[in-house]
$ cat protein.txt   # compact mmCIF, C-alpha atoms
# COMPACT_ATOMS: atom_id res chain seq x y z
CA MET A 1463 8.16 -19.58 -31.25
CA ASP A 1464 8.18 -16.90 -33.90
CA ALA A 1465 9.31 -13.33 -33.27
CA ASN A 1466 5.78 -12.08 -32.65
CA GLN A 1467 5.05 -14.78 -30.08
CA ASN A 1468 8.35 -14.00 -28.37
CA LEU A 1469 7.56 -10.31 -28.18
CA TYR A 1470 4.05 -11.07 -26.94
CA GLN A 1471 5.31 -13.34 -24.14
CA TYR A 1472 8.05 -10.89 -23.18
CA THR A 1473 5.59 -8.00 -22.99
CA LEU A 1474 3.27 -10.14 -20.88
CA ARG A 1475 5.97 -10.53 -18.25
CA MET A 1476 6.10 -6.80 -17.60
CA ALA A 1477 2.33 -6.51 -17.94
CA ASP A 1478 1.67 -9.28 -15.43
CA ASN A 1479 4.20 -7.89 -12.93
CA CYS A 1480 2.38 -4.55 -12.90
CA LEU A 1481 -1.08 -6.10 -12.90
CA ILE A 1482 -0.56 -8.57 -10.05
CA LEU A 1483 1.31 -6.15 -7.78
CA GLY A 1484 -1.25 -3.46 -8.60
CA GLN A 1485 -4.02 -5.86 -7.62
CA ARG A 1486 -2.30 -6.76 -4.33
CA LEU A 1487 -1.80 -3.10 -3.43
CA ALA A 1488 -5.42 -2.36 -4.25
CA GLU A 1489 -6.37 -4.76 -1.43
CA TRP A 1490 -5.03 -2.11 0.96
CA CYS A 1491 -7.67 0.41 -0.10
CA GLY A 1492 -9.48 1.55 3.04
CA HIS A 1493 -7.24 -0.56 5.28
CA GLY A 1494 -4.08 1.49 5.43
CA PRO A 1495 -2.51 2.06 8.85
CA ILE A 1496 -2.87 5.81 8.45
CA LEU A 1497 -4.80 7.88 5.90
CA GLU A 1498 -1.78 9.27 4.07
CA GLN A 1499 -0.30 5.79 3.57
CA ASP A 1500 -3.64 4.35 2.45
CA ILE A 1501 -3.51 6.96 -0.32
CA ALA A 1502 0.20 6.34 -1.02
CA LEU A 1503 -0.36 2.58 -1.46
CA THR A 1504 -3.36 3.02 -3.72
CA ASN A 1505 -1.52 5.69 -5.71
CA ILE A 1506 1.26 3.19 -6.37
CA SER A 1507 -1.38 0.64 -7.33
CA LEU A 1508 -2.91 3.05 -9.83
CA ASP A 1509 0.51 3.87 -11.27
CA LEU A 1510 1.13 0.14 -11.81
CA MET A 1511 -2.32 -0.38 -13.32
CA GLY A 1512 -1.58 2.41 -15.78
CA GLN A 1513 1.69 0.77 -16.73
CA ALA A 1514 -0.08 -2.59 -17.01
CA ARG A 1515 -2.61 -1.13 -19.43
CA ASN A 1516 0.19 0.21 -21.65
CA TYR A 1517 1.78 -3.22 -21.79
CA PHE A 1518 -1.51 -5.09 -22.31
CA GLN A 1519 -2.60 -2.77 -25.09
CA TYR A 1520 0.71 -3.35 -26.84
CA ALA A 1521 0.47 -7.10 -26.23
CA ALA A 1522 -3.00 -7.13 -27.82
CA LYS A 1523 -1.63 -5.34 -30.87
CA VAL A 1524 1.34 -7.71 -31.16
CA VAL A 1525 -0.59 -10.96 -30.81
CA GLY A 1526 -3.40 -9.90 -33.12
CA GLU A 1527 -6.08 -12.63 -32.99
CA ASP A 1528 -8.72 -9.93 -32.39
CA LYS A 1529 -7.84 -9.84 -28.69
CA THR A 1530 -8.28 -6.79 -26.48
CA GLU A 1531 -6.25 -5.75 -23.43
CA ASP A 1532 -9.10 -6.96 -21.23
CA ASP A 1533 -9.23 -10.40 -22.87
CA ILE A 1534 -5.56 -10.89 -22.17
CA ALA A 1535 -5.65 -9.61 -18.59
CA PHE A 1536 -8.89 -11.19 -17.42
CA LEU A 1537 -9.34 -14.39 -19.39
CA ARG A 1538 -5.97 -16.10 -19.02
CA ASP A 1539 -5.50 -18.89 -16.49
CA GLY A 1540 -2.83 -18.99 -13.79
CA MET A 1541 -0.28 -21.03 -15.68
CA GLU A 1542 -0.30 -18.48 -18.49
CA PHE A 1543 0.69 -15.67 -16.16
CA GLN A 1544 4.34 -14.70 -16.14
CA ASN A 1545 4.66 -12.43 -13.14
CA LEU A 1546 7.41 -12.77 -10.58
CA LEU A 1547 6.50 -14.93 -7.57
CA LEU A 1548 7.38 -12.09 -5.19
CA LEU A 1549 4.38 -10.08 -6.30
CA GLU A 1550 1.83 -12.79 -5.48
CA GLN A 1551 2.90 -12.95 -1.86
CA PRO A 1552 0.27 -11.68 0.57
CA ASN A 1553 0.23 -8.12 1.84
CA GLY A 1554 0.72 -9.25 5.42
CA ASP A 1555 1.38 -6.31 7.71
CA PHE A 1556 2.50 -2.91 6.45
CA GLY A 1557 6.13 -3.94 6.90
CA GLN A 1558 5.77 -7.00 4.69
CA THR A 1559 4.11 -4.87 2.01
CA VAL A 1560 7.00 -2.40 2.23
CA VAL A 1561 9.64 -5.15 1.90
CA ARG A 1562 7.85 -6.69 -1.08
CA GLN A 1563 7.56 -3.28 -2.69
CA PHE A 1564 11.20 -2.41 -2.00
CA PHE A 1565 12.52 -5.68 -3.46
CA PHE A 1566 10.45 -5.18 -6.61
CA ASP A 1567 11.18 -1.44 -6.99
CA SER A 1568 14.93 -2.11 -6.71
CA PHE A 1569 14.73 -4.48 -9.67
CA HIS A 1570 12.03 -2.59 -11.57
CA HIS A 1571 13.86 0.74 -11.56
CA VAL A 1572 17.14 -0.61 -12.96
CA PHE A 1573 15.31 -2.85 -15.45
CA LEU A 1574 13.36 0.10 -16.83
CA THR A 1575 16.49 2.25 -17.23
CA LYS A 1576 17.83 -0.53 -19.48
CA MET A 1577 14.54 -0.95 -21.36
CA VAL A 1578 14.66 2.70 -22.43
CA ALA A 1579 17.44 1.59 -24.82
CA SER A 1580 15.32 -1.24 -26.26
CA LYS A 1581 15.15 -1.60 -30.05
CA ASP A 1582 11.41 -2.03 -29.64
CA LEU A 1583 10.21 1.56 -29.73
CA GLN A 1584 6.95 0.92 -27.92
CA LEU A 1585 8.55 -0.93 -25.00
CA SER A 1586 11.18 1.79 -24.85
CA ALA A 1587 8.51 4.49 -24.71
CA ILE A 1588 6.56 2.69 -21.99
CA ALA A 1589 9.75 2.32 -19.97
CA GLU A 1590 10.62 5.99 -20.31
CA LYS A 1591 7.18 7.04 -19.12
CA SER A 1592 7.14 4.53 -16.27
CA ILE A 1593 10.54 5.49 -14.87
CA LYS A 1594 9.21 8.71 -13.36
CA GLU A 1595 6.60 6.79 -11.39
CA VAL A 1596 8.96 3.99 -10.38
CA THR A 1597 11.60 6.48 -9.22
CA TYR A 1598 9.06 7.71 -6.71
CA HIS A 1599 7.99 4.14 -5.77
CA LEU A 1600 11.62 3.28 -4.99
CA LYS A 1601 12.03 6.43 -2.91
CA TRP A 1602 8.84 5.66 -0.97
CA SER A 1603 9.72 2.02 -0.28
CA SER A 1604 13.36 2.79 0.57
CA GLN A 1605 12.31 5.47 3.05
CA TRP A 1606 9.93 3.07 4.80
CA MET A 1607 12.56 0.31 4.86
CA LEU A 1608 14.79 2.72 6.80
CA ARG A 1609 12.10 4.08 9.10
CA LEU A 1610 10.65 0.70 10.05
CA GLY A 1611 13.91 -1.25 10.03
CA ASP A 1612 15.74 1.34 12.10
CA GLY A 1613 12.61 2.06 14.11
CA THR A 1614 11.16 0.61 17.27
CA GLU A 1615 11.91 -2.87 18.57
CA GLU A 1616 8.57 -4.08 17.23
CA SER A 1617 8.92 -2.56 13.77
CA HIS A 1618 12.47 -3.87 13.46
CA GLU A 1619 11.33 -7.38 14.39
CA ARG A 1620 8.46 -7.37 11.93
CA MET A 1621 10.71 -6.08 9.15
CA GLN A 1622 13.31 -8.77 9.83
CA VAL A 1623 10.63 -11.47 9.62
CA ALA A 1624 9.41 -10.01 6.32
CA VAL A 1625 12.93 -9.80 4.87
CA ASP A 1626 13.67 -13.39 5.91
CA ASN A 1627 10.41 -14.66 4.41
CA LEU A 1628 10.65 -12.80 1.10
CA TRP A 1629 14.41 -13.15 0.54
CA MET A 1630 14.16 -16.16 -1.77
CA TYR A 1631 11.81 -14.22 -4.05
CA ALA A 1632 13.75 -10.97 -4.08
CA PHE A 1633 16.00 -11.57 -7.11
CA GLU A 1634 13.94 -13.85 -9.40
CA GLY A 1635 13.72 -11.00 -11.91
CA LEU A 1636 17.48 -11.11 -12.44
CA GLU A 1637 17.58 -14.74 -13.65
CA MET A 1638 17.99 -15.02 -17.42
CA ASP A 1639 15.92 -17.71 -19.11
CA GLN A 1640 15.67 -18.77 -22.73
CA LEU A 1641 13.25 -15.99 -23.74
CA ASP A 1642 15.41 -13.35 -22.01
CA GLN A 1643 18.34 -14.64 -24.06
CA VAL A 1644 16.36 -14.45 -27.32
CA MET A 1645 15.25 -10.90 -26.54
CA LEU A 1646 18.79 -9.90 -25.61
CA GLU A 1647 20.01 -11.12 -29.01
CA ALA A 1648 17.21 -9.16 -30.68
CA GLU A 1649 18.37 -6.11 -28.68
CA ILE A 1650 14.87 -5.77 -27.26
CA GLY A 1651 15.64 -6.85 -23.70
CA PRO A 1652 18.63 -6.21 -21.43
CA ASP A 1653 21.28 -8.62 -20.19
CA LEU A 1654 19.96 -9.30 -16.69
CA ASN A 1655 23.40 -10.48 -15.59
CA SER A 1656 24.76 -7.00 -16.25
CA ILE A 1657 22.36 -5.41 -13.77
CA LYS A 1658 22.56 -8.10 -11.09
CA ALA A 1659 25.36 -6.49 -9.09
CA GLU A 1660 23.77 -3.03 -9.10
CA VAL A 1661 20.37 -4.29 -7.95
CA VAL A 1662 21.73 -6.59 -5.24
CA ASP A 1663 24.12 -3.91 -3.95
CA ASN A 1664 21.34 -1.31 -3.71
CA VAL A 1665 19.18 -3.75 -1.77
CA LYS A 1666 22.00 -4.69 0.59
CA ASN A 1667 22.96 -1.06 1.20
CA ILE A 1668 19.44 -0.18 2.29
CA LEU A 1669 19.18 -3.29 4.48
CA ASN A 1670 22.43 -2.33 6.19
CA GLU A 1671 21.35 1.25 6.74
CA ALA A 1672 18.05 -0.05 8.09
CA THR A 1673 20.04 -2.15 10.61
CA LEU A 1674 18.42 -5.29 9.21
CA THR A 1675 20.30 -8.57 8.94
CA ILE A 1676 20.92 -9.73 5.38
CA PRO A 1677 19.85 -13.40 5.11
CA GLN A 1678 22.66 -15.83 4.34
CA GLU A 1679 20.72 -18.01 1.89
CA SER A 1680 21.58 -17.51 -1.77
CA PHE A 1681 18.85 -19.75 -3.21
CA VAL A 1682 16.60 -17.91 -5.67
CA GLN A 1683 13.11 -19.34 -6.15
CA THR A 1684 12.06 -19.22 -9.80
CA GLY A 1685 9.04 -20.38 -11.79
CA GLY A 1686 7.03 -17.24 -12.44
CA LYS A 1687 8.31 -16.81 -15.98
CA ASP A 1688 7.37 -20.46 -16.70
CA GLY A 1689 3.85 -20.11 -15.36
CA ARG A 1690 4.70 -22.11 -12.21
CA HIS A 1691 3.17 -20.02 -9.47
CA THR A 1692 2.64 -20.14 -5.74
CA GLU A 1693 -0.78 -21.09 -4.43
CA TYR A 1694 -1.61 -17.42 -3.93
CA LEU A 1695 -2.03 -16.57 -7.59
CA GLY A 1696 -5.15 -18.68 -7.95
CA PHE A 1697 -6.94 -16.70 -5.26
CA ILE A 1698 -5.81 -13.37 -6.68
CA LEU A 1699 -7.11 -14.28 -10.14
CA ALA A 1700 -10.37 -15.68 -8.77
CA GLU A 1701 -11.11 -12.30 -7.23
CA MET A 1702 -9.76 -10.27 -10.13
CA GLN A 1703 -11.30 -12.24 -12.99
CA HIS A 1704 -14.61 -13.51 -11.72
CA MET A 1705 -16.70 -10.61 -12.99
CA GLN A 1706 -15.34 -10.88 -16.53
CA ARG A 1707 -15.79 -14.62 -16.51
CA ALA A 1708 -19.26 -14.60 -14.94
CA PHE A 1709 -20.58 -11.91 -17.30
CA PRO A 1710 -18.66 -12.24 -20.58
CA GLY A 1711 -18.74 -9.12 -22.72
CA ALA A 1712 -20.30 -7.05 -19.93
CA LYS A 1713 -19.93 -3.28 -20.19
CA TRP A 1714 -20.18 -0.51 -17.61
CA MET L 689 6.20 -5.10 57.16
CA PRO L 690 8.83 -5.84 54.45
CA HIS L 691 6.32 -8.10 52.70
CA SER L 692 3.66 -5.40 52.30
CA HIS L 693 6.28 -2.89 51.14
CA THR L 694 7.34 -5.28 48.36
CA GLN L 695 3.69 -5.86 47.44
CA ARG L 696 3.02 -2.12 47.00
CA LYS L 697 6.12 -1.69 44.86
CA GLY L 698 5.14 -4.67 42.72
CA LYS L 699 1.70 -3.19 42.05
CA LYS L 700 3.14 0.18 41.05
CA GLU L 701 5.60 -1.47 38.67
CA LYS L 702 2.82 -3.50 37.12
CA GLN L 703 0.76 -0.35 36.54
CA HIS L 704 3.81 1.36 35.01
CA ARG L 705 4.33 -1.58 32.64
CA ILE L 706 0.66 -1.58 31.65
CA ASN L 707 0.78 2.15 30.91
CA ASN L 708 3.88 1.71 28.76
CA HIS L 709 2.26 -1.20 26.95
CA LEU L 710 -0.84 0.85 26.18
CA GLU L 711 1.26 3.77 24.97
CA HIS L 712 3.09 1.32 22.78
CA LYS L 713 -0.20 0.18 21.20
CA ILE L 714 -1.92 3.53 20.81
CA MET L 715 -0.29 5.61 18.10
CA SER L 716 1.21 8.46 20.02
CA THR L 717 0.15 11.73 18.44
CA LYS L 718 3.26 13.43 19.74
CA ASN L 719 5.25 11.30 17.27
CA TRP L 720 2.98 12.17 14.34
CA PRO L 721 2.44 15.93 14.57
CA LEU L 722 0.09 17.81 12.28
CA TRP L 723 1.48 19.73 9.31
CA GLU L 724 -0.14 22.44 7.19
CA ILE L 725 0.41 22.02 3.46
CA PHE L 726 0.75 24.76 0.84
CA ILE L 727 0.83 24.05 -2.89
CA ARG L 728 1.81 26.32 -5.78
CA SER L 729 0.15 25.47 -9.05
CA LYS L 730 1.90 25.58 -12.41
CA GLN L 731 0.38 28.94 -13.34
CA GLY L 732 0.44 30.29 -9.82
CA ILE L 733 2.89 32.66 -8.25
CA ASN L 734 2.14 31.90 -4.60
CA HIS L 735 1.62 28.81 -2.48
CA LYS L 736 -1.96 28.25 -1.36
CA HIS L 737 -3.06 26.43 1.76
CA VAL L 738 -4.73 23.16 0.73
CA GLY L 739 -5.10 21.25 3.98
CA SER L 740 -3.21 19.33 6.59
CA LEU L 741 -1.84 15.87 7.30
CA HIS L 742 0.11 13.86 9.88
CA ALA L 743 3.77 12.92 9.45
CA THR L 744 6.67 12.11 11.73
CA ASP L 745 9.11 14.56 10.18
CA ALA L 746 9.61 17.12 7.42
CA GLU L 747 10.68 14.68 4.70
CA MET L 748 7.69 12.42 5.30
CA ALA L 749 5.43 15.49 5.36
CA ILE L 750 6.55 16.42 1.84
CA GLU L 751 6.08 12.86 0.57
CA ASN L 752 2.67 12.53 2.18
CA ALA L 753 1.66 15.91 0.75
CA ARG L 754 2.76 14.75 -2.68
CA ASP L 755 0.60 11.62 -2.31
CA VAL L 756 -2.45 13.28 -0.81
CA TYR L 757 -2.56 16.78 -2.32
CA THR L 758 -0.99 16.50 -5.77
CA ARG L 759 -2.81 13.43 -7.08
CA ARG L 760 -4.72 15.39 -9.67
CA ASN L 761 -1.91 17.51 -11.01
CA GLU L 762 -2.65 20.32 -8.57
CA GLY L 763 0.85 21.67 -8.20
CA VAL L 764 4.56 21.97 -8.84
CA SER L 765 5.80 23.01 -5.43
CA ILE L 766 5.03 21.94 -1.88
CA TRP L 767 5.62 23.77 1.39
CA ALA L 768 5.05 21.93 4.67
CA VAL L 769 4.95 23.70 8.01
CA GLU L 770 4.39 22.04 11.36
CA SER L 771 1.03 23.35 12.58
CA SER L 772 2.50 24.21 15.97
CA GLN L 773 4.82 26.67 14.19
CA ILE L 774 1.94 28.72 12.87
CA THR L 775 0.85 31.75 14.82
CA ALA L 776 -2.75 32.69 14.19
CA SER L 777 -4.61 35.85 15.00
CA ASP L 778 -7.01 35.69 17.91
CA PRO L 779 -10.57 35.26 16.58
CA GLY L 780 -11.81 37.27 19.54
CA ALA L 781 -9.78 40.25 18.34
CA GLN L 782 -11.43 40.32 14.91
CA GLU L 783 -13.10 43.68 15.59
CA GLU L 784 -10.03 45.72 16.39
CA LEU L 785 -7.86 43.95 13.78
CA PHE L 786 -10.11 44.11 10.74
CA GLU L 787 -13.09 46.47 11.19
CA PRO L 788 -11.15 49.76 10.94
CA ALA L 789 -10.02 49.03 7.36
CA LYS L 790 -13.61 48.79 6.13
CA ASP L 791 -14.40 52.51 5.75
CA LYS L 792 -11.03 53.74 4.54
CA VAL L 793 -11.67 53.89 0.82
CA TYR L 794 -8.68 56.23 0.32
CA ARG L 795 -6.38 53.22 0.91
CA HIS L 796 -7.64 51.42 -2.17
CA PRO L 797 -5.94 52.25 -5.48
CA THR L 798 -9.25 52.53 -7.32
CA PHE L 799 -8.91 56.09 -8.49
CA TYR L 800 -6.31 55.27 -11.17
CA VAL L 801 -6.97 54.11 -14.70
CA LEU L 802 -4.67 51.12 -15.29
CA PRO L 803 -3.04 50.87 -18.72
CA ASP L 804 -3.94 47.67 -20.65
CA GLU L 805 -0.27 46.61 -20.79
CA LEU L 806 -0.19 45.99 -17.05
CA LYS L 807 -1.06 42.37 -16.42
CA ASN L 808 -0.25 41.46 -12.85
CA MET L 809 -1.76 44.28 -10.79

$ encode --input "protein.txt" --output "structure tokens"
Amino acid sequence: MDANQNLYQYTLRMADNCLILGQRLAEWCGHGPILEQDIALTNISLDLMGQARNYFQYAAKVVGEDKTEDDIAFLRDGMEFQNLLLLEQPNGDFGQTVVRQFFFDSFHHVFLTKMVASKDLQLSAIAEKSIKEVTYHLKWSSQWMLRLGDGTEESHERMQVAVDNLWMYAFEGLEMDQLDQVMLEAEIGPDLNSIKAEVVDNVKNILNEATLTIPQESFVQTGGKDGRHTEYLGFILAEMQHMQRAFPGAKW
Amino acid sequence: MPHSHTQRKGKKEKQHRINNHLEHKIMSTKNWPLWEIFIRSKQGINHKHVGSLHATDAEMAIENARDVYTRRNEGVSIWAVESSQITASDPGAQEELFEPAKDKVYRHPTFYVLPDELKNM
């Protein structure tokens, strides 16, 4: 793969993370447990969609081929998506959504602080702008981890189930693959191994404070970066992409 | 005799458990009090009342206010006050509180000519 293709694929990873999680959170619209949290969830979704657009616009520029941000987002098939598996997981109850959000925010925040130093000026700029939003996302999800984990018997139980179910997906973002290595050498992407301890420690600290049990398993499920996704992605894309595919070139 | 006594106690306990169960299911409003929210805009010098919301405590009230009332860049500062902490004037006493001020024109500083340099009068 040449340098342009590498940069394109690497940008897609961040773009797809934001897009898929944004899409999942959008499913909460009108269904939140309480008005203020319905708005909070959809706010986070909009933040992520904004970040996704930045990445997709840059990806379109990098890949050339006369492609637009919409072509890339809405006309790729599942195996071309590079999002983390965590983000495809269903919303479940509010607790499961919080745990999924918290696991991602913990990674996302540290990752972005490293990306600010990227040699690629555009990715660096996107990271710098996104950090403000993600700082708030992490605060929001951490607060709810504590309130629900260290809450009632029922909320604690539901949170523990969510943590146990999502644990194997929590740290996929920290696994270096070949492309991560190439981007590290090009000084465009960070060394994920260098942020592993910080991310895992932050997660464990919050789990402890939330009186939740940290699962013993150390197995990390991977595949997202290779386009090997869980069965959920197909359904997400079917809903997200069907308009663009049914009416090609349609405009509002 | 002892049998009927046990029966009555059992029924009361069952009712107590059902009540607790229902309370458990219905979101108790005493745990989510109402808060009044005040926002100061970037150019403003005072906080304005913008509405209210429910939250369990002060920190959540600020976060919820940020999510609900500053979505469109409305402000730079948030005050949250539990609604029960606000003392309001009695609407029935409107006459004696506010009518008398109406015909006292000598209280208004309208007989001065303000210099142009004064901006915030």

$ residues_around --input "protein.txt" --residues "Asp1663 in chain A" --least-positions-apart "5" --cutoff "12 Å" --atoms "all atoms listed in the file" --output "list in words"
Phe1565, Ser1568, Phe1569, Val1572, Phe1633, Ile1657, Lys1658, Ile1668, Leu1669, Asn1670 and Ile1676 of chain A

$ atom_distance --input "protein.txt" --atom1 "CA of Asn1516 in chain A" --atom2 "CA of Asp1478 in chain A"
11.4 Å

$ atom_distance --input "protein.txt" --atom1 "CA of Ala1587 in chain A" --atom2 "CA of Val1561 in chain A"
28.3 Å

$ atom_distance --input "protein.txt" --atom1 "CA of Lys1529 in chain A" --atom2 "CA of Leu1510 in chain A"
21.6 Å

$ closest_atom_pairs --input "protein.txt" --of "chain L" --to "chain A" --cutoff "7 Å" --atoms "only C-alpha atoms" --output "JSON lines"
{"residue": "L:Asn752", "atom": "CA", "partner": "A:Glu1498", "partner_atom": "CA", "distance": 5.8}
{"residue": "L:Asp755", "atom": "CA", "partner": "A:Ala1502", "partner_atom": "CA", "distance": 5.4}
{"residue": "L:Val756", "atom": "CA", "partner": "A:Glu1498", "partner_atom": "CA", "distance": 6.4}

$ closest_residue --input "protein.txt" --among "A:Leu1483, A:Glu1489, A:Ser1580, A:Asn1553" --to "Glu1647 in chain A" --atoms "only C-alpha atoms"
A:Ser1580

$ closest_residue --input "protein.txt" --among "A:Val1525, A:Met1577, A:Val1623, A:Leu1641" --to "Asp1688 in chain A" --atoms "only C-alpha atoms"
A:Leu1641

$ residues_around --input "protein.txt" --residues "Glu724 in chain L" --least-positions-apart "3" --cutoff "7 Å" --atoms "all atoms listed in the file" --output "list in words"
Gly739, Ser740, Leu741, Ala768, Val769, Glu770 and Ser771 of chain L

$ residues_around --input "protein.txt" --residues "Ala1522 in chain A" --least-positions-apart "5" --cutoff "12 Å" --atoms "only C-alpha atoms" --output "PyMOL selection string"
chain A and resi 1466-1467+1469-1471+1473-1474+1477+1515-1517+1527-1535

$ residues_around --input "protein.txt" --residues "Asp1567 in chain A" --least-positions-apart "5" --cutoff "7 Å" --atoms "all atoms listed in the file" --output "ChimeraX atom specification"
/A:1596,1599-1600

$ closest_residue --input "protein.txt" --among "L:Val801, L:Val738, L:Leu785, L:Leu806" --to "Thr758 in chain L" --atoms "all atoms listed in the file"
L:Val738

$ build_atoms --input "protein.txt" --residues "range 790-805 of chain L" --atoms "N, CA, C and O atoms" --output "short mmCIF file (atom, residue, chain, number, x, y, z; two decimals), keeping the file's coordinate frame"
data_model
loop_
_atom_site.label_atom_id
_atom_site.label_comp_id
_atom_site.auth_asym_id
_atom_site.auth_seq_id
_atom_site.Cartn_x
_atom_site.Cartn_y
_atom_site.Cartn_z
N LYS L 790 -12.42 48.85 6.99
CA LYS L 790 -13.61 48.79 6.13
C LYS L 790 -13.99 50.13 5.52
O LYS L 790 -14.41 50.20 4.38
N ASP L 791 -13.89 51.25 6.29
CA ASP L 791 -14.40 52.51 5.75
C ASP L 791 -13.28 53.45 5.31
O ASP L 791 -13.44 54.66 5.31
N LYS L 792 -12.12 52.87 4.97
CA LYS L 792 -11.03 53.74 4.54
C LYS L 792 -10.78 53.57 3.05
O LYS L 792 -9.78 52.99 2.61
N VAL L 793 -11.70 54.08 2.26
CA VAL L 793 -11.67 53.89 0.82
C VAL L 793 -10.44 54.55 0.20
O VAL L 793 -9.97 54.13 -0.85
N TYR L 794 -9.87 55.54 0.86
CA TYR L 794 -8.68 56.23 0.32
C TYR L 794 -7.45 55.35 0.31
O TYR L 794 -6.43 55.68 -0.26
N ARG L 795 -7.52 54.15 0.96
CA ARG L 795 -6.38 53.22 0.91
C ARG L 795 -6.40 52.33 -0.32
O ARG L 795 -5.42 51.67 -0.64
N HIS L 796 -7.55 52.31 -1.01
CA HIS L 796 -7.64 51.42 -2.17
C HIS L 796 -7.22 52.17 -3.43
O HIS L 796 -7.67 53.29 -3.64
N PRO L 797 -6.41 51.56 -4.26
CA PRO L 797 -5.94 52.25 -5.48
C PRO L 797 -6.98 52.18 -6.58
O PRO L 797 -6.71 51.70 -7.67
N THR L 798 -8.19 52.66 -6.32
CA THR L 798 -9.25 52.53 -7.32
C THR L 798 -9.50 53.81 -8.08
O THR L 798 -10.39 53.90 -8.89
N PHE L 799 -8.68 54.81 -7.80
CA PHE L 799 -8.91 56.09 -8.49
C PHE L 799 -8.00 56.26 -9.69
O PHE L 799 -7.98 57.30 -10.32
N TYR L 800 -7.17 55.21 -10.00
CA TYR L 800 -6.31 55.27 -11.17
C TYR L 800 -6.97 54.52 -12.31
O TYR L 800 -7.75 53.62 -12.11
N VAL L 801 -6.59 54.90 -13.54
CA VAL L 801 -6.97 54.11 -14.70
C VAL L 801 -5.74 53.29 -15.09
O VAL L 801 -4.70 53.86 -15.43
N LEU L 802 -5.84 51.97 -15.00
CA LEU L 802 -4.67 51.12 -15.29
C LEU L 802 -4.50 50.94 -16.79
O LEU L 802 -5.46 50.63 -17.49
N PRO L 803 -3.26 51.13 -17.30
CA PRO L 803 -3.04 50.87 -18.72
C PRO L 803 -3.24 49.40 -19.03
O PRO L 803 -3.00 48.55 -18.18
N ASP L 804 -3.66 49.07 -20.28
CA ASP L 804 -3.94 47.67 -20.65
C ASP L 804 -2.71 46.79 -20.57
O ASP L 804 -2.80 45.60 -20.36
N GLU L 805 -1.49 47.43 -20.73
CA GLU L 805 -0.27 46.61 -20.79
C GLU L 805 0.04 45.95 -19.44
O GLU L 805 0.75 44.97 -19.39
#
